[in-house]
Amino acid sequence: TTNFMQIHHQKRAVGQSNGVQAATVLIAFCIFSGAQVQAQTLPTPAEPSLPYVVRPSDNLSKFGREILTTPRAWNEVAKFNQLKDPNVIFPGQTLNIPLRSLKSKPASGKVISTEGDVTLQGVAMQPGAALADGAKIKTGANSSAVIELGDGSRVKILPGSLAEIVTNRDYAMRDASKSGSTNWFSGLMRLSEGALEALASKTAKRAKEFQVETPTSLVGVRGTEFRVAFDDPLGKAARTEVIEGLVRADNPAQASGANLPKGTGAVVNPLEKEVKVVVLLPAPDLAGITSEILKPQGNWPMPTLTGASAYSVQVASDEQFDKIVRSLKVAGNASADLSSLPNGNWFARVRGIDAVGLEGFNSVKLIIVKDGEWRVVHARPSVLEGKTVLSWMGQQAGGQPMAESSYSAILASDAALTQSVVTVRGVDGKPSLVLGDLKPGVYHLRLQNAAGLRSETYRFELSGNWAQTEFDKTSALQAIK
């Protein structure tokens, strides 16, 4: 006759590491289900474990050899389960095995994409590279990376960040209803500086929730889209914003905490009692904001959003924002400086930043970066030694004077500058060009400086008396819109 006994799982607190001073603050975030919980004294955390159902063919020797890190670990398992007789196990008996006692193997982490200056262990990181425990990833100022962990969770590491894969492992446990075993995933990343965005897989079996650790916080989630940042090293405050799912934020030093549901966030300060839940700002309206960014200024005005004291602006070459090349914080009354972006099409996303520093929901816009067309002011054609000479003053798209430069011009009889085209080049580095022996008629002109910046296209007309009784004209150029 087979004997069965029920073993109840006793929760045990995880001890703190040796040498940690009493003043050290740990701010923990964990997933809760059901109703929201108000601020309260922290419960004693349970040590993560997995259930194992004993089979008729199992014995202590085999169990310790195949399941545990070492046969000696059985003593800890017996204590964890409060077995009356540590030398006896029964078929059908359920044992809760602490993860620290279970065998595990590295999960298949890999690099999905990189953009710009991204290093892995100090060496340039390449897409497709495998990622092991202890892998340190650093992104430069205008660089980013996307990695995938063994459970399918994806993490975007934003510009100017340093992140480490602490744990990316699978624990194999035999299923009582199957002949094989099932892998249970455990993942932990450490963010030392900067920010990251994570989309935790909703389908994986987890030995414990996917976690992101900063010097003063721990964020644990299941099937959640969230952001974590540690960009206040002096104040030691960490922030998180929840886009999907539910996060629990606790401050052990202050014995307080709060739930963060979808669309909320919190800045957890180890010196403040309250963990205040704040509703994230809505996505700003970019419909009225220009999609053209003209260089050399490259200024992009920010929208108006009630409650926003500043804005976060990120620019990527792809709509998924896997390849982020710029990450800026812009004051509410200022413009984003995108002058360093190469010409072309880019995706930009903007979110408002509230008074406590939390970033709201994204709004995305396709933008076009191109050279701005500068304007000609105070133009004056004149005749010198029988040749038509054009002199002018130039004004940049933002209103600033053009710097001294050599110029060239395309001169044609049509507005499209395709008929009877003549290219004229200056040599003295001043805003004047000899256009040649021009006859009376209508002409079209576009100027370009030595840096390749083009002016607007202009129309001008020389009368039948030009170079005979008429030798100069003022403000003769008319811009063609």
# chains A, B, ... in the order shown; residues from 1 in each chain; ligands from 1
>>> residues_around(residues="range 407-422 of chain A", least_positions_apart="5", cutoff="6 Å", atoms="only C-alpha atoms", output="PyMOL selection string")
chain A and resi 443-450
>>> write_last_selection(atoms="C-alpha atoms", output="mmCIF file, in the first residue's frame")
data_model
loop_
_atom_site.group_PDB
_atom_site.id
_atom_site.type_symbol
_atom_site.label_atom_id
_atom_site.label_comp_id
_atom_site.auth_asym_id
_atom_site.auth_seq_id
_atom_site.Cartn_x
_atom_site.Cartn_y
_atom_site.Cartn_z
ATOM 1 C CA TYR A 443 15.841 84.359 -65.221
ATOM 2 C CA HIS A 444 15.627 81.913 -62.320
ATOM 3 C CA LEU A 445 18.369 81.443 -59.777
ATOM 4 C CA ARG A 446 19.324 79.230 -56.809
ATOM 5 C CA LEU A 447 22.414 79.829 -54.704
ATOM 6 C CA GLN A 448 24.482 77.344 -52.713
ATOM 7 C CA ASN A 449 27.263 77.914 -50.197
ATOM 8 C CA ALA A 450 30.475 75.943 -49.808
#
>>> select_by_dssp(residues="range 307-347 of chain A", states="strand (DSSP E)", output="number ranges by chain")
A: 310-316, 324-331, 335-337, 344-347
>>> write_last_selection(atoms="C-alpha atoms", output="PDB file, in the first residue's frame")
ATOM      1  CA  ALA A 310       9.643  68.780 -19.657  1.00  0.00           C
ATOM      2  CA  TYR A 311       9.623  66.236 -22.465  1.00  0.00           C
ATOM      3  CA  SER A 312      11.474  63.037 -23.286  1.00  0.00           C
ATOM      4  CA  VAL A 313      12.376  62.783 -26.977  1.00  0.00           C
ATOM      5  CA  GLN A 314      13.754  59.614 -28.544  1.00  0.00           C
ATOM      6  CA  VAL A 315      14.656  59.153 -32.212  1.00  0.00           C
ATOM      7  CA  ALA A 316      15.069  55.811 -33.975  1.00  0.00           C
ATOM      8  CA  ILE A 324      17.355  54.366 -30.820  1.00  0.00           C
ATOM      9  CA  VAL A 325      20.012  56.879 -31.859  1.00  0.00           C
ATOM     10  CA  ARG A 326      19.044  59.898 -29.745  1.00  0.00           C
ATOM     11  CA  SER A 327      17.525  60.270 -26.274  1.00  0.00           C
ATOM     12  CA  LEU A 328      16.971  63.828 -25.064  1.00  0.00           C
ATOM     13  CA  LYS A 329      15.300  65.629 -22.185  1.00  0.00           C
ATOM     14  CA  VAL A 330      13.840  68.944 -23.325  1.00  0.00           C
ATOM     15  CA  ALA A 331      12.538  71.773 -21.138  1.00  0.00           C
ATOM     16  CA  SER A 335      12.911  72.865 -28.712  1.00  0.00           C
ATOM     17  CA  ALA A 336      14.684  69.563 -29.227  1.00  0.00           C
ATOM     18  CA  ASP A 337      18.073  69.986 -30.877  1.00  0.00           C
ATOM     19  CA  GLY A 344      16.650  61.437 -43.949  1.00  0.00           C
ATOM     20  CA  ASN A 345      13.466  59.990 -42.461  1.00  0.00           C
ATOM     21  CA  TRP A 346      13.343  59.138 -38.758  1.00  0.00           C
ATOM     22  CA  PHE A 347      10.784  58.051 -36.189  1.00  0.00           C
TER      23      PHE A 347
END
>>> closest_residue(among="A:Pro401, A:Gly150, A:Gly394, A:Gly386", to="Leu438 in chain A", atoms="only C-alpha atoms")
A:Gly386
>>> closest_residue(among="A:Thr114, A:Gln126, A:Thr240, A:Asn362", to="Ser144 in chain A", atoms="only C-alpha atoms")
A:Thr114
>>> closest_residue(among="A:Leu196, A:Ala355, A:Ala78, A:Ile89", to="Ser161 in chain A", atoms="only C-alpha atoms")
A:Leu196
>>> residues_around(residues="Lys473 in chain A", least_positions_apart="2", cutoff="9 Å", atoms="only C-alpha atoms", output="VMD selection string")
chain A and resid 379 to 382 462 470 to 471 475 to 476
>>> residues_around(residues="Ser363 in chain A", least_positions_apart="6", cutoff="8 Å", atoms="only C-alpha atoms", output="list in words")
Ala283, Pro284, Asp285, Leu286, Arg349, Val350 and Arg351 of chain A
>>> write_last_selection(atoms="all heavy atoms", output="mmCIF file, in the first residue's frame")
data_model
loop_
_atom_site.group_PDB
_atom_site.id
_atom_site.type_symbol
_atom_site.label_atom_id
_atom_site.label_comp_id
_atom_site.auth_asym_id
_atom_site.auth_seq_id
_atom_site.Cartn_x
_atom_site.Cartn_y
_atom_site.Cartn_z
ATOM 1 N N ALA A 283 -0.457 60.717 -23.839
ATOM 2 C CA ALA A 283 0.421 60.961 -24.990
ATOM 3 C C ALA A 283 0.189 62.372 -25.517
ATOM 4 O O ALA A 283 -0.963 62.793 -25.692
ATOM 5 C CB ALA A 283 0.158 59.941 -26.085
ATOM 6 N N PRO A 284 1.236 63.133 -25.759
ATOM 7 C CA PRO A 284 1.056 64.497 -26.290
ATOM 8 C C PRO A 284 0.546 64.466 -27.722
ATOM 9 O O PRO A 284 0.747 63.494 -28.451
ATOM 10 C CB PRO A 284 2.463 65.099 -26.213
ATOM 11 C CG PRO A 284 3.379 63.922 -26.215
ATOM 12 C CD PRO A 284 2.648 62.803 -25.542
ATOM 13 N N ASP A 285 -0.133 65.531 -28.130
ATOM 14 C CA ASP A 285 -0.669 65.649 -29.487
ATOM 15 C C ASP A 285 0.392 66.279 -30.389
ATOM 16 O O ASP A 285 0.756 67.443 -30.216
ATOM 17 C CB ASP A 285 -1.937 66.512 -29.465
ATOM 18 C CG ASP A 285 -2.598 66.594 -30.841
ATOM 19 O OD1 ASP A 285 -2.121 65.924 -31.776
ATOM 20 O OD2 ASP A 285 -3.595 67.330 -30.977
ATOM 21 N N LEU A 286 0.887 65.499 -31.342
ATOM 22 C CA LEU A 286 1.922 65.990 -32.263
ATOM 23 C C LEU A 286 1.358 66.397 -33.614
ATOM 24 O O LEU A 286 2.116 66.709 -34.540
ATOM 25 C CB LEU A 286 2.985 64.909 -32.470
ATOM 26 C CG LEU A 286 3.722 64.413 -31.220
ATOM 27 C CD1 LEU A 286 4.763 63.374 -31.596
ATOM 28 C CD2 LEU A 286 4.366 65.576 -30.472
ATOM 29 N N ARG A 349 9.598 59.751 -30.959
ATOM 30 C CA ARG A 349 8.521 59.602 -29.986
ATOM 31 C C ARG A 349 8.750 60.573 -28.831
ATOM 32 O O ARG A 349 9.882 60.801 -28.391
ATOM 33 C CB ARG A 349 8.405 58.162 -29.487
ATOM 34 C CG ARG A 349 9.556 57.613 -28.690
ATOM 35 C CD ARG A 349 9.278 56.150 -28.328
ATOM 36 N NE ARG A 349 10.351 55.554 -27.558
ATOM 37 C CZ ARG A 349 10.423 54.262 -27.256
ATOM 38 N NH1 ARG A 349 9.472 53.444 -27.668
ATOM 39 N NH2 ARG A 349 11.421 53.783 -26.540
ATOM 40 N N VAL A 350 7.656 61.131 -28.394
ATOM 41 C CA VAL A 350 7.689 62.171 -27.375
ATOM 42 C C VAL A 350 6.758 61.765 -26.245
ATOM 43 O O VAL A 350 5.647 61.275 -26.486
ATOM 44 C CB VAL A 350 7.252 63.529 -27.955
ATOM 45 C CG1 VAL A 350 7.304 64.617 -26.884
ATOM 46 C CG2 VAL A 350 8.119 63.911 -29.148
ATOM 47 N N ARG A 351 7.205 61.958 -25.013
ATOM 48 C CA ARG A 351 6.325 61.780 -23.867
ATOM 49 C C ARG A 351 6.576 62.888 -22.861
ATOM 50 O O ARG A 351 7.709 63.352 -22.688
ATOM 51 C CB ARG A 351 6.506 60.407 -23.227
ATOM 52 C CG ARG A 351 7.919 59.956 -22.954
ATOM 53 C CD ARG A 351 7.937 58.500 -22.515
ATOM 54 N NE ARG A 351 9.266 57.996 -22.236
ATOM 55 C CZ ARG A 351 9.804 56.927 -22.846
ATOM 56 N NH1 ARG A 351 9.121 56.291 -23.771
ATOM 57 N NH2 ARG A 351 11.011 56.508 -22.527
#
>>> residues_around(residues="Arg100 in chain A", least_positions_apart="5", cutoff="9 Å", atoms="only C-alpha atoms", output="list in words")
Pro48, Ser49 and Thr69 of chain A
>>> write_last_selection(atoms="N, CA and C atoms", output="mmCIF file, in the first residue's frame")
data_model
loop_
_atom_site.group_PDB
_atom_site.id
_atom_site.type_symbol
_atom_site.label_atom_id
_atom_site.label_comp_id
_atom_site.auth_asym_id
_atom_site.auth_seq_id
_atom_site.Cartn_x
_atom_site.Cartn_y
_atom_site.Cartn_z
ATOM 1 N N PRO A 48 12.021 31.588 -3.201
ATOM 2 C CA PRO A 48 11.486 30.952 -4.407
ATOM 3 C C PRO A 48 11.790 29.459 -4.445
ATOM 4 N N SER A 49 10.802 28.681 -4.837
ATOM 5 C CA SER A 49 10.968 27.228 -4.899
ATOM 6 C C SER A 49 10.053 26.680 -5.982
ATOM 7 N N THR A 69 21.700 20.254 -6.803
ATOM 8 C CA THR A 69 23.038 20.731 -7.183
ATOM 9 C C THR A 69 24.113 19.785 -6.653
#
>>> closest_residue(among="A:Ala334, A:Ala163, A:Ile289, A:Val268", to="Glu193 in chain A", atoms="only C-alpha atoms")
A:Ala163
>>> residues_around(residues="Ala172 in chain A", least_positions_apart="3", cutoff="10 Å", atoms="only C-alpha atoms", output="mmCIF file with C-alpha atoms, in the first residue's frame")
data_model
loop_
_atom_site.group_PDB
_atom_site.id
_atom_site.type_symbol
_atom_site.label_atom_id
_atom_site.label_comp_id
_atom_site.auth_asym_id
_atom_site.auth_seq_id
_atom_site.Cartn_x
_atom_site.Cartn_y
_atom_site.Cartn_z
ATOM 1 C CA LEU A 50 9.430 24.716 -7.313
ATOM 2 C CA ILE A 67 17.656 16.904 -9.239
ATOM 3 C CA LEU A 102 18.073 22.871 -7.841
ATOM 4 C CA LYS A 103 20.244 22.105 -10.830
ATOM 5 C CA SER A 104 19.987 24.689 -13.597
ATOM 6 C CA LYS A 105 21.500 25.437 -16.984
ATOM 7 C CA ARG A 169 18.724 30.256 -16.415
ATOM 8 C CA ASP A 175 6.049 16.900 -14.644
ATOM 9 C CA GLY A 180 9.662 14.300 -19.528
ATOM 10 C CA SER A 181 10.567 17.494 -17.689
ATOM 11 C CA THR A 182 9.543 21.142 -18.015
ATOM 12 C CA ASN A 183 11.898 24.105 -17.993
ATOM 13 C CA TRP A 184 11.161 26.892 -15.513
ATOM 14 C CA PHE A 185 12.866 30.231 -16.214
ATOM 15 C CA ALA A 207 10.696 29.834 -11.333
#
>>> closest_residue(among="A:Gly245, A:Pro98, A:Pro106, A:Pro56", to="Glu76 in chain A", atoms="only C-alpha atoms")
A:Pro98
>>> residues_around(residues="Glu456 in chain A", least_positions_apart="2", cutoff="7 Å", atoms="only C-alpha atoms", output="ChimeraX atom specification")
/A:373-375,446,454,458,479
>>> write_last_selection(atoms="N, CA and C atoms", output="PDB file, in the first residue's frame")
ATOM      1  N   GLU A 373      16.446  75.673 -46.453  1.00  0.00           N
ATOM      2  CA  GLU A 373      16.687  76.635 -47.534  1.00  0.00           C
ATOM      3  C   GLU A 373      16.806  78.028 -46.937  1.00  0.00           C
ATOM      4  N   TRP A 374      17.989  78.606 -47.067  1.00  0.00           N
ATOM      5  CA  TRP A 374      18.175  79.942 -46.551  1.00  0.00           C
ATOM      6  C   TRP A 374      17.644  80.981 -47.543  1.00  0.00           C
ATOM      7  N   ARG A 375      17.501  82.193 -47.055  1.00  0.00           N
ATOM      8  CA  ARG A 375      16.882  83.253 -47.863  1.00  0.00           C
ATOM      9  C   ARG A 375      17.911  84.302 -48.265  1.00  0.00           C
ATOM     10  N   ARG A 446      19.210  79.821 -58.150  1.00  0.00           N
ATOM     11  CA  ARG A 446      19.324  79.230 -56.809  1.00  0.00           C
ATOM     12  C   ARG A 446      20.787  79.242 -56.412  1.00  0.00           C
ATOM     13  N   ARG A 454      21.492  75.080 -49.652  1.00  0.00           N
ATOM     14  CA  ARG A 454      20.895  75.752 -50.795  1.00  0.00           C
ATOM     15  C   ARG A 454      19.945  76.866 -50.358  1.00  0.00           C
ATOM     16  N   TYR A 458      14.759  81.745 -56.871  1.00  0.00           N
ATOM     17  CA  TYR A 458      14.313  83.117 -57.101  1.00  0.00           C
ATOM     18  C   TYR A 458      14.120  83.395 -58.594  1.00  0.00           C
ATOM     19  N   ALA A 479      11.130  85.411 -54.480  1.00  0.00           N
ATOM     20  CA  ALA A 479      11.147  83.978 -54.121  1.00  0.00           C
ATOM     21  C   ALA A 479       9.972  83.251 -54.754  1.00  0.00           C
TER      22      ALA A 479
END
>>> decode(residues="range 268-292 of chain A", atoms="N, CA, C and O atoms", output="compact mmCIF listing (two decimals), in the first residue's frame")
# COMPACT_ATOMS: atom_id res chain seq x y z
N VAL A 268 10.41 56.24 -6.06
CA VAL A 268 10.60 55.73 -4.70
C VAL A 268 11.89 56.32 -4.14
O VAL A 268 12.97 56.02 -4.63
N ASN A 269 11.73 57.15 -3.13
CA ASN A 269 12.86 57.80 -2.49
C ASN A 269 13.09 57.16 -1.13
O ASN A 269 12.17 57.12 -0.30
N PRO A 270 14.28 56.65 -0.85
CA PRO A 270 14.51 55.96 0.43
C PRO A 270 14.35 56.87 1.63
O PRO A 270 14.26 56.38 2.75
N LEU A 271 14.31 58.19 1.43
CA LEU A 271 14.17 59.12 2.56
C LEU A 271 12.73 59.56 2.79
O LEU A 271 12.46 60.31 3.73
N GLU A 272 11.81 59.13 1.93
CA GLU A 272 10.43 59.56 2.05
C GLU A 272 9.53 58.39 2.42
O GLU A 272 9.66 57.30 1.87
N LYS A 273 8.59 58.63 3.33
CA LYS A 273 7.70 57.59 3.83
C LYS A 273 6.72 57.12 2.75
O LYS A 273 6.55 55.92 2.53
N GLU A 274 6.09 58.05 2.06
CA GLU A 274 5.00 57.70 1.13
C GLU A 274 5.55 57.26 -0.22
O GLU A 274 6.42 57.92 -0.80
N VAL A 275 5.04 56.15 -0.72
CA VAL A 275 5.25 55.76 -2.11
C VAL A 275 4.02 56.21 -2.86
O VAL A 275 2.99 55.54 -2.86
N LYS A 276 4.11 57.34 -3.48
CA LYS A 276 2.94 57.98 -4.07
C LYS A 276 2.70 57.47 -5.48
O LYS A 276 3.58 57.54 -6.34
N VAL A 277 1.50 56.96 -5.71
CA VAL A 277 1.12 56.48 -7.03
C VAL A 277 0.61 57.66 -7.85
O VAL A 277 -0.29 58.38 -7.43
N VAL A 278 1.22 57.85 -9.02
CA VAL A 278 0.88 58.99 -9.87
C VAL A 278 0.37 58.49 -11.21
O VAL A 278 0.98 57.59 -11.81
N VAL A 279 -0.73 59.06 -11.68
CA VAL A 279 -1.24 58.72 -13.01
C VAL A 279 -0.31 59.32 -14.06
O VAL A 279 0.03 60.51 -13.99
N LEU A 280 0.11 58.51 -15.01
CA LEU A 280 1.04 58.99 -16.04
C LEU A 280 0.35 59.98 -16.97
O LEU A 280 -0.86 59.89 -17.23
N LEU A 281 1.12 60.93 -17.47
CA LEU A 281 0.59 61.90 -18.42
C LEU A 281 0.16 61.21 -19.71
O LEU A 281 0.79 60.24 -20.15
N PRO A 282 -0.90 61.70 -20.35
CA PRO A 282 -1.32 61.10 -21.62
C PRO A 282 -0.31 61.40 -22.73
O PRO A 282 0.58 62.25 -22.56
N ALA A 283 -0.46 60.72 -23.84
CA ALA A 283 0.42 60.96 -24.99
C ALA A 283 0.19 62.37 -25.52
O ALA A 283 -0.96 62.79 -25.69
N PRO A 284 1.24 63.13 -25.76
CA PRO A 284 1.06 64.50 -26.29
C PRO A 284 0.55 64.47 -27.72
O PRO A 284 0.75 63.49 -28.45
N ASP A 285 -0.13 65.53 -28.13
CA ASP A 285 -0.67 65.65 -29.49
C ASP A 285 0.39 66.28 -30.39
O ASP A 285 0.76 67.44 -30.22
N LEU A 286 0.89 65.50 -31.34
CA LEU A 286 1.92 65.99 -32.26
C LEU A 286 1.36 66.40 -33.61
O LEU A 286 2.12 66.71 -34.54
N ALA A 287 0.03 66.41 -33.75
CA ALA A 287 -0.58 66.70 -35.06
C ALA A 287 -0.19 68.08 -35.57
O ALA A 287 0.02 68.27 -36.77
N GLY A 288 -0.09 69.04 -34.68
CA GLY A 288 0.23 70.40 -35.12
C GLY A 288 1.71 70.72 -35.14
O GLY A 288 2.10 71.86 -35.43
N ILE A 289 2.55 69.75 -34.84
CA ILE A 289 4.00 69.96 -34.82
C ILE A 289 4.58 69.58 -36.17
O ILE A 289 4.26 68.53 -36.74
N THR A 290 5.43 70.44 -36.71
CA THR A 290 5.99 70.19 -38.03
C THR A 290 6.74 68.86 -38.08
O THR A 290 7.35 68.43 -37.10
N SER A 291 6.69 68.24 -39.23
CA SER A 291 7.43 67.00 -39.43
C SER A 291 8.78 67.25 -40.09
O SER A 291 9.57 66.32 -40.24
N GLU A 292 9.05 68.49 -40.48
CA GLU A 292 10.31 68.84 -41.13
C GLU A 292 11.25 69.51 -40.14
O GLU A 292 10.88 70.48 -39.48
